[in-house]
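Shown below: structure_35.cif, with mmCIF, C-alpha atoms and all ligand atoms.
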```
data_my_file
#
loop_
_atom_site.label_atom_id
_atom_site.label_comp_id
_atom_site.auth_asym_id
_atom_site.auth_seq_id
_atom_site.Cartn_x
_atom_site.Cartn_y
_atom_site.Cartn_z
CA MET A 369 0.29 1.31 -15.10
CA ARG A 370 0.32 4.22 -12.65
CA LEU A 371 -1.72 7.31 -13.53
CA ALA A 372 -0.67 10.41 -11.64
CA PHE A 373 -2.59 13.69 -11.63
CA GLU A 374 -0.35 16.62 -10.78
CA ASP A 375 -2.17 19.81 -9.89
CA VAL A 376 -4.69 19.35 -12.70
CA SER A 377 -7.21 22.10 -13.41
CA TYR A 378 -9.59 22.00 -16.33
CA SER A 379 -11.94 24.52 -17.84
CA TYR A 380 -14.26 23.83 -20.76
CA GLU A 381 -13.49 27.42 -21.78
CA GLY A 382 -9.93 26.26 -22.57
CA GLY A 383 -7.74 29.13 -23.73
CA GLU A 384 -10.30 31.68 -22.57
CA ALA A 385 -9.91 30.48 -18.99
CA LYS A 386 -6.15 30.72 -19.36
CA LYS A 387 -6.44 34.32 -20.53
CA LYS A 388 -8.65 35.22 -17.60
CA ARG A 389 -6.18 33.53 -15.30
CA LYS A 390 -3.24 35.37 -16.88
CA GLY A 391 -4.92 38.71 -16.43
CA ARG A 392 -4.96 38.24 -12.71
CA ALA A 393 -1.61 36.49 -12.37
CA ASP A 394 -0.35 38.93 -9.77
CA ARG A 395 -3.30 38.46 -7.44
CA GLN A 396 -4.20 34.85 -8.09
CA ALA A 397 -1.33 32.46 -7.56
CA ASP A 398 -3.04 29.19 -8.38
CA TRP A 399 -4.44 27.75 -11.56
CA GLY A 400 -8.06 26.72 -11.26
CA ASN A 401 -8.89 29.61 -8.99
CA ALA A 402 -9.75 32.35 -11.48
CA PRO A 403 -13.18 33.23 -10.11
CA ASP A 404 -14.68 34.37 -13.39
CA ALA A 405 -13.76 31.19 -15.28
CA VAL A 406 -15.75 27.99 -14.91
CA TRP A 407 -13.45 25.28 -13.66
CA ALA A 408 -14.64 21.69 -13.94
CA LEU A 409 -11.49 20.50 -12.10
CA ARG A 410 -9.40 22.53 -9.69
CA GLN A 411 -5.87 21.59 -8.68
CA VAL A 412 -6.52 17.89 -8.53
CA SER A 413 -3.55 15.78 -7.37
CA PHE A 414 -3.68 12.04 -6.71
CA ALA A 415 -2.59 8.79 -8.34
CA VAL A 416 -4.31 5.62 -9.45
CA GLU A 417 -1.96 2.89 -8.24
CA PRO A 418 -1.35 -0.25 -10.33
CA GLY A 419 -3.81 -3.01 -9.48
CA GLU A 420 -6.06 -0.96 -7.24
CA PHE A 421 -9.82 -0.53 -7.41
CA LEU A 422 -10.47 3.19 -7.11
CA GLY A 423 -14.00 4.50 -6.74
CA VAL A 424 -14.93 8.04 -7.77
CA ALA A 425 -17.88 9.68 -6.05
CA GLY A 426 -19.34 13.16 -6.07
CA HIS A 427 -22.49 15.14 -6.49
CA THR A 428 -23.82 15.79 -10.01
CA GLY A 429 -21.51 18.24 -11.76
CA SER A 430 -18.62 17.70 -9.32
CA GLY A 431 -16.25 16.79 -12.18
CA LYS A 432 -16.22 12.98 -12.23
CA SER A 433 -16.70 12.54 -15.98
CA THR A 434 -14.23 15.32 -16.72
CA LEU A 435 -11.69 13.65 -14.42
CA ILE A 436 -11.86 10.24 -16.02
CA GLN A 437 -11.61 11.65 -19.54
CA HIS A 438 -8.15 12.88 -18.52
CA MET A 439 -7.09 9.30 -17.78
CA ASN A 440 -6.58 8.30 -21.40
CA GLY A 441 -5.87 11.72 -22.84
CA LEU A 442 -9.31 12.31 -24.36
CA VAL A 443 -9.14 15.61 -22.55
CA HIS A 444 -5.92 17.40 -21.57
CA PRO A 445 -5.53 19.59 -18.48
CA THR A 446 -5.91 23.33 -18.95
CA CYS A 447 -3.03 23.36 -16.48
CA GLY A 448 -1.18 20.69 -14.54
CA ARG A 449 -0.16 17.27 -15.86
CA VAL A 450 -1.43 13.71 -16.10
CA LEU A 451 1.41 11.17 -16.15
CA ALA A 452 1.08 7.55 -17.23
CA ASP A 453 4.08 5.70 -15.80
CA GLY A 454 5.87 9.03 -15.78
CA ARG A 455 4.98 10.03 -19.37
CA ASP A 456 2.97 13.24 -19.85
CA LEU A 457 -0.24 12.48 -21.75
CA ALA A 458 -0.17 15.94 -23.33
CA GLU A 459 3.08 15.16 -25.16
CA LYS A 460 2.91 14.11 -28.78
CA GLY A 461 2.05 10.45 -29.31
CA VAL A 462 1.76 9.58 -25.63
CA ALA A 463 -2.06 9.67 -25.36
CA SER A 464 -2.58 7.42 -28.39
CA ASP A 465 -0.07 5.00 -26.90
CA VAL A 466 -1.64 5.11 -23.44
CA ARG A 467 -5.11 4.54 -24.91
CA ARG A 468 -4.04 0.95 -25.60
CA SER A 469 -3.53 0.43 -21.88
CA VAL A 470 -6.35 2.53 -20.47
CA GLY A 471 -9.82 1.46 -21.61
CA LEU A 472 -12.57 3.98 -21.01
CA VAL A 473 -16.17 2.75 -20.83
CA PHE A 474 -18.59 5.66 -21.03
CA GLN A 475 -22.01 5.90 -19.44
CA TYR A 476 -24.53 3.85 -21.43
CA PRO A 477 -21.80 2.48 -23.73
CA GLU A 478 -24.43 0.51 -25.67
CA ASN A 479 -25.43 3.81 -27.28
CA GLN A 480 -22.11 3.76 -29.12
CA LEU A 481 -22.54 0.36 -30.76
CA PHE A 482 -22.45 0.88 -34.49
CA ALA A 483 -21.43 -2.21 -36.48
CA ASN A 484 -23.69 -4.65 -38.32
CA THR A 485 -22.51 -7.62 -36.28
CA VAL A 486 -21.41 -8.19 -32.71
CA TYR A 487 -18.14 -9.51 -34.12
CA ASP A 488 -17.33 -6.32 -36.00
CA ASP A 489 -18.22 -4.15 -33.05
CA VAL A 490 -15.92 -6.01 -30.67
CA ALA A 491 -13.21 -6.25 -33.35
CA PHE A 492 -13.17 -2.50 -33.99
CA GLY A 493 -10.59 -1.63 -31.30
CA PRO A 494 -8.18 -4.50 -31.99
CA ARG A 495 -8.35 -3.83 -35.75
CA ASN A 496 -7.55 -0.19 -35.11
CA MET A 497 -4.51 -1.32 -33.17
CA GLY A 498 -3.27 -2.90 -36.42
CA LEU A 499 -3.41 -6.49 -35.15
CA ASP A 500 -3.60 -9.35 -37.66
CA ALA A 501 -6.89 -11.18 -38.31
CA GLU A 502 -5.95 -14.17 -36.18
CA GLU A 503 -5.12 -12.05 -33.16
CA VAL A 504 -8.27 -9.96 -33.68
CA ASP A 505 -10.29 -13.16 -33.74
CA ARG A 506 -8.69 -14.43 -30.54
CA ARG A 507 -9.44 -11.15 -28.80
CA VAL A 508 -13.06 -11.03 -29.95
CA ARG A 509 -13.60 -14.54 -28.62
CA GLU A 510 -11.89 -13.74 -25.35
CA GLY A 511 -13.71 -10.42 -24.94
CA LEU A 512 -17.11 -12.04 -25.41
CA GLU A 513 -16.18 -14.90 -23.11
CA LEU A 514 -15.08 -12.49 -20.38
CA VAL A 515 -18.45 -10.77 -20.39
CA GLY A 516 -20.33 -14.07 -20.42
CA LEU A 517 -21.65 -13.95 -24.01
CA SER A 518 -21.56 -16.91 -26.38
CA PHE A 519 -19.36 -16.29 -29.42
CA ASP A 520 -21.09 -19.03 -31.43
CA GLU A 521 -24.59 -17.75 -30.74
CA LEU A 522 -24.05 -14.04 -30.96
CA SER A 523 -21.02 -13.05 -33.02
CA GLU A 524 -22.90 -12.84 -36.35
CA ARG A 525 -26.04 -11.23 -34.88
CA SER A 526 -26.77 -7.53 -35.06
CA PRO A 527 -25.98 -5.91 -31.70
CA PHE A 528 -29.19 -3.91 -32.11
CA ASP A 529 -31.30 -7.08 -31.85
CA LEU A 530 -29.96 -7.88 -28.39
CA SER A 531 -31.37 -6.95 -24.99
CA GLY A 532 -30.10 -3.80 -23.28
CA GLY A 533 -28.00 -5.81 -20.82
CA GLN A 534 -26.47 -7.87 -23.64
CA GLN A 535 -25.72 -4.72 -25.62
CA ARG A 536 -23.84 -3.30 -22.67
CA ARG A 537 -21.84 -6.52 -22.43
CA VAL A 538 -20.94 -6.25 -26.13
CA ALA A 539 -19.74 -2.69 -25.57
CA PHE A 540 -17.67 -3.88 -22.59
CA ALA A 541 -16.24 -6.75 -24.65
CA GLY A 542 -15.08 -4.21 -27.25
CA VAL A 543 -13.02 -2.39 -24.64
CA LEU A 544 -11.73 -5.62 -23.05
CA ALA A 545 -10.63 -6.87 -26.47
CA MET A 546 -7.99 -4.13 -26.41
CA GLU A 547 -6.62 -5.84 -23.26
CA PRO A 548 -6.28 -2.67 -21.20
CA ALA A 549 -4.33 -2.84 -17.95
CA VAL A 550 -6.55 -0.07 -16.59
CA LEU A 551 -10.32 -0.08 -16.99
CA VAL A 552 -12.12 3.19 -16.36
CA LEU A 553 -15.88 2.81 -15.95
CA ASP A 554 -18.35 5.68 -15.81
CA GLU A 555 -21.49 4.53 -13.96
CA PRO A 556 -21.22 1.00 -15.39
CA VAL A 557 -24.48 -0.32 -13.92
CA ALA A 558 -26.67 2.75 -14.42
CA GLY A 559 -30.08 1.84 -15.79
CA LEU A 560 -29.71 -1.93 -15.44
CA ASP A 561 -32.34 -4.10 -13.73
CA PRO A 562 -31.35 -5.49 -10.30
CA LEU A 563 -30.25 -8.90 -11.59
CA SER A 564 -28.12 -7.53 -14.46
CA ARG A 565 -26.72 -5.02 -12.03
CA GLU A 566 -25.48 -7.73 -9.66
CA GLU A 567 -24.10 -9.76 -12.57
CA PHE A 568 -22.23 -6.76 -13.91
CA LEU A 569 -20.77 -5.85 -10.54
CA GLY A 570 -19.65 -9.49 -10.21
CA LEU A 571 -18.00 -9.23 -13.61
CA ILE A 572 -16.19 -6.02 -12.64
CA ARG A 573 -15.03 -7.64 -9.41
CA GLU A 574 -13.63 -10.57 -11.43
CA LEU A 575 -11.88 -8.27 -13.89
CA HIS A 576 -10.20 -6.67 -10.91
CA SER A 577 -9.18 -9.94 -9.28
CA ASP A 578 -7.62 -10.95 -12.60
CA GLY A 579 -5.14 -8.12 -12.01
CA ARG A 580 -6.66 -5.18 -13.86
CA THR A 581 -6.65 -1.73 -12.34
CA ILE A 582 -10.23 -0.45 -12.08
CA VAL A 583 -11.49 3.11 -11.76
CA MET A 584 -15.26 3.21 -11.28
CA VAL A 585 -17.50 6.26 -11.08
CA SER A 586 -20.66 5.49 -9.15
CA HIS A 587 -23.53 7.20 -7.39
CA SER A 588 -24.07 4.07 -5.27
CA MET A 589 -22.22 4.37 -1.99
CA GLU A 590 -23.08 0.71 -1.27
CA ASP A 591 -21.36 -0.44 -4.47
CA LEU A 592 -18.33 1.74 -3.78
CA ALA A 593 -18.07 0.47 -0.19
CA ALA A 594 -18.36 -3.14 -1.32
CA LEU A 595 -15.87 -3.04 -4.19
CA CYS A 596 -13.26 -0.34 -3.80
CA ASP A 597 -9.83 -0.26 -2.19
CA ARG A 598 -10.02 3.54 -2.05
CA ILE A 599 -12.61 6.17 -2.86
CA LEU A 600 -11.95 9.62 -4.28
CA VAL A 601 -14.69 12.11 -3.45
CA LEU A 602 -14.91 15.18 -5.66
CA SER A 603 -16.74 18.36 -4.77
CA GLU A 604 -16.93 21.33 -7.12
CA GLY A 605 -13.98 20.00 -9.08
CA ARG A 606 -11.72 19.56 -6.05
CA VAL A 607 -10.52 16.46 -4.20
CA PHE A 608 -12.71 16.48 -1.10
CA ARG A 609 -11.65 13.11 0.34
CA LEU A 610 -9.38 10.25 -0.72
CA GLY A 611 -9.15 7.15 1.44
CA THR A 612 -10.39 3.65 2.15
CA PRO A 613 -14.18 3.20 2.28
CA ALA A 614 -13.94 3.00 6.09
CA GLU A 615 -12.05 6.31 6.21
CA VAL A 616 -14.31 8.09 3.75
CA PHE A 617 -17.58 6.87 5.23
CA ALA A 618 -16.50 7.49 8.83
CA ASP A 619 -17.42 11.17 8.51
CA ALA A 620 -21.10 11.18 7.52
CA PRO A 621 -21.66 14.90 8.27
CA ALA A 622 -18.75 15.89 5.97
CA LEU A 623 -20.17 13.72 3.18
CA LYS A 624 -23.59 15.21 3.71
CA SER A 625 -22.13 18.69 3.30
CA VAL A 626 -21.16 17.77 -0.28
CA GLY A 627 -24.46 16.12 -1.09
CA LEU A 628 -23.51 12.50 -0.46
CA GLY A 629 -24.78 9.92 2.02
CA ALA A 630 -23.09 6.99 3.73
CA PRO A 631 -24.02 3.46 2.57
CA ALA A 632 -27.37 2.45 4.13
CA PRO A 633 -25.99 -0.15 6.61
CA GLN A 634 -23.30 2.29 7.71
CA ALA A 635 -25.88 5.04 8.32
CA PHE A 636 -28.10 2.56 10.19
CA ALA A 637 -25.13 1.53 12.36
CA SER A 638 -24.60 5.20 13.29
CA ALA A 639 -28.27 5.51 14.29
CA LEU A 640 -28.03 2.35 16.38
CA ARG A 641 -24.89 3.63 18.11
CA GLU A 642 -26.86 6.68 19.17
CA GLU A 643 -29.42 4.29 20.70
CA GLY A 644 -26.70 2.65 22.78
CA PHE A 645 -25.63 -0.26 20.63
CA LYS A 646 -21.93 -0.99 20.75
CA LEU A 647 -20.91 -1.28 17.14
CA ASP A 648 -17.16 -1.09 16.75
CA ARG A 649 -16.45 -1.83 13.12
CA PRO A 650 -15.34 1.16 11.07
CA LEU A 651 -17.44 0.04 8.07
CA TYR A 652 -20.65 -1.99 8.07
CA ASN A 653 -22.42 -3.86 5.32
CA GLU A 654 -25.74 -5.69 5.69
CA LYS A 655 -24.15 -8.96 6.78
CA THR A 656 -21.72 -7.59 9.35
CA LEU A 657 -24.36 -5.28 10.80
CA ALA A 658 -26.87 -8.11 11.13
CA ALA A 659 -24.21 -10.31 12.77
CA ASP A 660 -23.20 -7.67 15.33
CA ILE A 661 -26.81 -6.78 16.21
CA ALA A 662 -27.70 -10.46 16.59
CA ALA A 663 -24.70 -11.01 18.87
CA GLN A 664 -25.75 -8.13 21.10
CA MET A 665 -29.38 -9.16 21.22
CA LYS A 666 -28.27 -12.59 22.35
CA GLY A 667 -25.96 -11.00 24.91
CA ARG A 668 -28.90 -8.98 26.24
CA GLY A 669 -31.04 -12.12 26.39
CA GLY A 670 -33.33 -10.49 23.85
CA ASN A 671 -33.29 -13.20 21.26
CA GLY A 672 -32.71 -16.70 22.60
N1 LIG B 701 -19.09 19.91 -22.58
C1 LIG B 701 -19.14 20.77 -21.57
N2 LIG B 701 -19.09 22.10 -21.77
C2 LIG B 701 -19.13 22.98 -20.77
N3 LIG B 701 -19.20 22.63 -19.46
C3 LIG B 701 -19.27 21.31 -19.19
C4 LIG B 701 -19.24 20.32 -20.21
N4 LIG B 701 -19.31 19.10 -19.62
C5 LIG B 701 -19.37 19.32 -18.30
N5 LIG B 701 -19.35 20.64 -18.02
C6 LIG B 701 -19.37 21.27 -16.70
O1 LIG B 701 -18.24 20.81 -15.99
C7 LIG B 701 -18.56 20.54 -14.62
C8 LIG B 701 -18.24 19.09 -14.29
O2 LIG B 701 -19.09 18.24 -15.09
P1 LIG B 701 -18.92 16.67 -15.12
O3 LIG B 701 -19.82 16.15 -16.20
O4 LIG B 701 -17.48 16.32 -15.19
O5 LIG B 701 -19.50 16.27 -13.69
P2 LIG B 701 -20.00 14.86 -13.14
O6 LIG B 701 -19.58 14.79 -11.73
O7 LIG B 701 -19.53 13.77 -14.05
O8 LIG B 701 -21.59 14.99 -13.23
P3 LIG B 701 -22.70 13.82 -13.37
O9 LIG B 701 -22.73 13.06 -12.08
O10 LIG B 701 -23.96 14.60 -13.60
O11 LIG B 701 -22.30 12.98 -14.56
C9 LIG B 701 -20.04 20.89 -14.48
O12 LIG B 701 -20.12 22.21 -13.99
C10 LIG B 701 -20.57 20.81 -15.89
O13 LIG B 701 -21.68 21.67 -16.06
#
```

Using structure tokens, write down the structure that the file contains.
Ligand SMILES: Nc1ncnc2c1ncn2[C@@H]1O[C@H](COP(=O)(O)OP(=O)(O)OP(=O)(O)O)[C@@H](O)[C@H]1O
Amino acid sequence: MRLAFEDVSYSYEGGEAKKKRKGRADRQADWGNAPDAVWALRQVSFAVEPGEFLGVAGHTGSGKSTLIQHMNGLVHPTCGRVLADGRDLAEKGVASDVRRSVGLVFQYPENQLFANTVYDDVAFGPRNMGLDAEEVDRRVREGLELVGLSFDELSERSPFDLSGGQQRRVAFAGVLAMEPAVLVLDEPVAGLDPLSREEFLGLIRELHSDGRTIVMVSHSMEDLAALCDRILVLSEGRVFRLGTPAEVFADAPALKSVGLGAPAPQAFASALREEGFKLDRPLYNEKTLAADIAAQMKGRGGNG
């Protein structure tokens, strides 16, 4: 599924923002620019392409959560359009249809667990889709398997007796059980310990290599650099940058101006370049940086 944002502006004031905008129609040509309305998104245009892994970055309050809530029609643009394979999510019936294909995982999704058993929690979405008991059962098993939880051991347990990491997996399984083609994740590893964090990122990587489209909001530039095909950077509700990690992280001063840093190895590579090291790759991670430094040290006779 392709999700296209066309000139989307959004204000939590809703109709009030529209009125303010209308009042100044002669002077202010563009939606999202009315200065006395608070715009969470301003004239955002881009598309999430089928099968891609898109990262979303931005300073606190830049509009990331608001943006992703437009992706399954939880929130509709104050102006502009969001199209799912060409269908406008604001039109009657489209959002509820698209919600079957676009799974949204909120921040700390474990806080939304509610059922008495893991089974019932994971089954909630598929049951709501009107699937028969056999199909629901298949999806619950598959959902739990995908997130690495044992159906036999856990399905009849209360989700509230599980560890925080397991609870988050149950919440993930509930979304996966709806078999969405697009998975939208808001800070999926926030608050996890380092081991669970790595496991979760591995899981997300696998879900992507299985063919799902992934949109991931993250404050970790390292995670975004390691996982994403492209990164969308928001600043004050506008698209500030959209490109590959190498393109986005090439301009550290620009990122700094919107409150973001480059991934640590990339920033270290820039500092080394200033000290005379010849480091040609557009994007460094720990391994490639170590390899290039080692090669140069050897070349200089500095290290064997
Ligand atoms: N329910 C709301 N009512 C009014 N304004 C809101 C509401 N939610 C968010 N906002 C405002 O909309 C703007 C964008 O907020 P949003 O939560 O989308 O940003 P964010 O980039 O996801 O932030 P964070 O990184 O802190 O989660 C901010 O100015 C915020 O204060």

If we count all atoms listed in the file, what is near Gly426 in chain A at a cut-off of 8 Å, once residues fewer than 6 positions away on the same chain are taken out, given as a PyMOL selection string?
chain A and resi 432+587+601-603+626-628

Take the selection from the previous step and output its residues with C-alpha atoms, as a PDB file, in the coordinates of the input.
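The result, written out as selection36.pdb:
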```pdb
ATOM      1  CA  LYS A 432     -16.220  12.980 -12.230  1.00  0.00           C
ATOM      2  CA  HIS A 587     -23.530   7.200  -7.390  1.00  0.00           C
ATOM      3  CA  VAL A 601     -14.690  12.110  -3.450  1.00  0.00           C
ATOM      4  CA  LEU A 602     -14.910  15.180  -5.660  1.00  0.00           C
ATOM      5  CA  SER A 603     -16.740  18.360  -4.770  1.00  0.00           C
ATOM      6  CA  VAL A 626     -21.160  17.770  -0.280  1.00  0.00           C
ATOM      7  CA  GLY A 627     -24.460  16.120  -1.090  1.00  0.00           C
ATOM      8  CA  LEU A 628     -23.510  12.500  -0.460  1.00  0.00           C
TER       9      LEU A 628
END
```

Closest of A:Val416, A:Leu600, A:Ala639, A:Leu595 to ligand LIG 701 (chain B) - atom-to-atom distances counting only C-alpha atoms and all ligand atoms
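Under the stated criterion, the closest residue is A:Leu600.
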
Quick one: pull the distance between CA of Ala630 in chain A and CA of Leu553 in chain A, Å, one decimal.
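CA of Leu553 in chain A lies at a distance of 21.4 Å from CA of Ala630 in chain A.
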
For CA of Val607 in chain A and CA of Arg410 in chain A, quote the distance in Å rounded to one decimal.
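These atoms are spaced 8.3 Å apart.
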
What is the distance between CA of Ala622 in chain A and atom N4 of ligand LIG 701 (chain B), in Å to one decimal?
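Result for CA of Ala622 in chain A versus atom N4 of ligand LIG 701 (chain B): 25.8 Å, one decimal.
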
Distance filter 9 Å around ligand LIG 701 (chain B), atoms: all atoms listed in the file, out as number ranges by chain
A: 378-381, 406-409, 425-437, 475, 554-555, 585-587, 602-605

Looking at A:Lys646, A:His438, A:Leu651, A:Asp489, which one is nearest to Arg668 in chain A, with distances taken over only C-alpha atoms?
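Using only C-alpha atoms, the shortest distance to Arg668 in chain A belongs to A:Lys646.
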
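Counting all atoms listed in the file and comparing A:Arg468, A:Asp660, A:Tyr652, A:Leu569, the residue that lies closest to Gly498 in chain A is A:Arg468.
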
Contacts of range 485-587 of chain A with range 457-465 of chain A up to 12 Å, shortest pair per row, all atoms listed in the file, as JSON lines:
```
{"residue": "A:Asn496", "atom": "CA", "partner": "A:Ser464", "partner_atom": "CA", "distance": 11.3}
{"residue": "A:Met497", "atom": "CA", "partner": "A:Asp465", "partner_atom": "CA", "distance": 9.9}
{"residue": "A:Pro548", "atom": "CA", "partner": "A:Asp465", "partner_atom": "CA", "distance": 11.4}
```

Tell me which residues come within 8 Å of (-19.5, -4.0, -32.9), as a ChimeraX atom specification, counting all atoms listed in the file in the file's coordinates.
/A:481-492,527,538-539,542

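Restricting the calculation to all atoms listed in the file, the smallest distance between Val616 in chain A and any of A:Gly532, A:Leu560, A:Val424, A:Thr581 is found for A:Val424.
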
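Those residues positioned at most 8 Å from (-1.9, 13.8, -12.7) are Leu371, Ala372, Phe373, Glu374, Asp375, Val376, Val412, Ser413, Phe414, Ala415, Gly448, Arg449, Val450 and Leu451 of chain A, judged using only C-alpha atoms.
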
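Residue nearest Leu544 in chain A, chosen from A:Leu563, A:Val473, A:Ala558, A:Ala593 and counting all atoms listed in the file: A:Val473.
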
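When the distance limit is 8 Å and all atoms listed in the file are what count, the residues near range 469-471 of chain A, minus those fewer than 2 positions from it on the same chain, are Met369, Met439, Asn440, Asp465, Val466, Arg467, Val473, Val543, Leu544, Met546, Glu547, Pro548, Ala549, Val550, Leu551 and Val552 of chain A.
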
Distance criterion (all atoms listed in the file): nearest to Asp591 in chain A out of A:Leu571, A:Ala637, A:Val557, A:Leu610:
A:Val557

Polymer residues at most 8 Å from range 572-576 of chain A, all atoms listed in the file, same-chain spacing of 3 or more positions, as an MDAnalysis selection string
chainID A and resid 419:421 568:569 579:582 595

Can I get the selection written as an mmCIF file, keeping the file's coordinate frame, with C-alpha atoms?
```
data_model
loop_
_atom_site.group_PDB
_atom_site.id
_atom_site.type_symbol
_atom_site.label_atom_id
_atom_site.label_comp_id
_atom_site.auth_asym_id
_atom_site.auth_seq_id
_atom_site.Cartn_x
_atom_site.Cartn_y
_atom_site.Cartn_z
ATOM 1 C CA GLY A 419 -3.810 -3.010 -9.480
ATOM 2 C CA GLU A 420 -6.060 -0.960 -7.240
ATOM 3 C CA PHE A 421 -9.820 -0.530 -7.410
ATOM 4 C CA PHE A 568 -22.230 -6.760 -13.910
ATOM 5 C CA LEU A 569 -20.770 -5.850 -10.540
ATOM 6 C CA GLY A 579 -5.140 -8.120 -12.010
ATOM 7 C CA ARG A 580 -6.660 -5.180 -13.860
ATOM 8 C CA THR A 581 -6.650 -1.730 -12.340
ATOM 9 C CA ILE A 582 -10.230 -0.450 -12.080
ATOM 10 C CA LEU A 595 -15.870 -3.040 -4.190
#
```
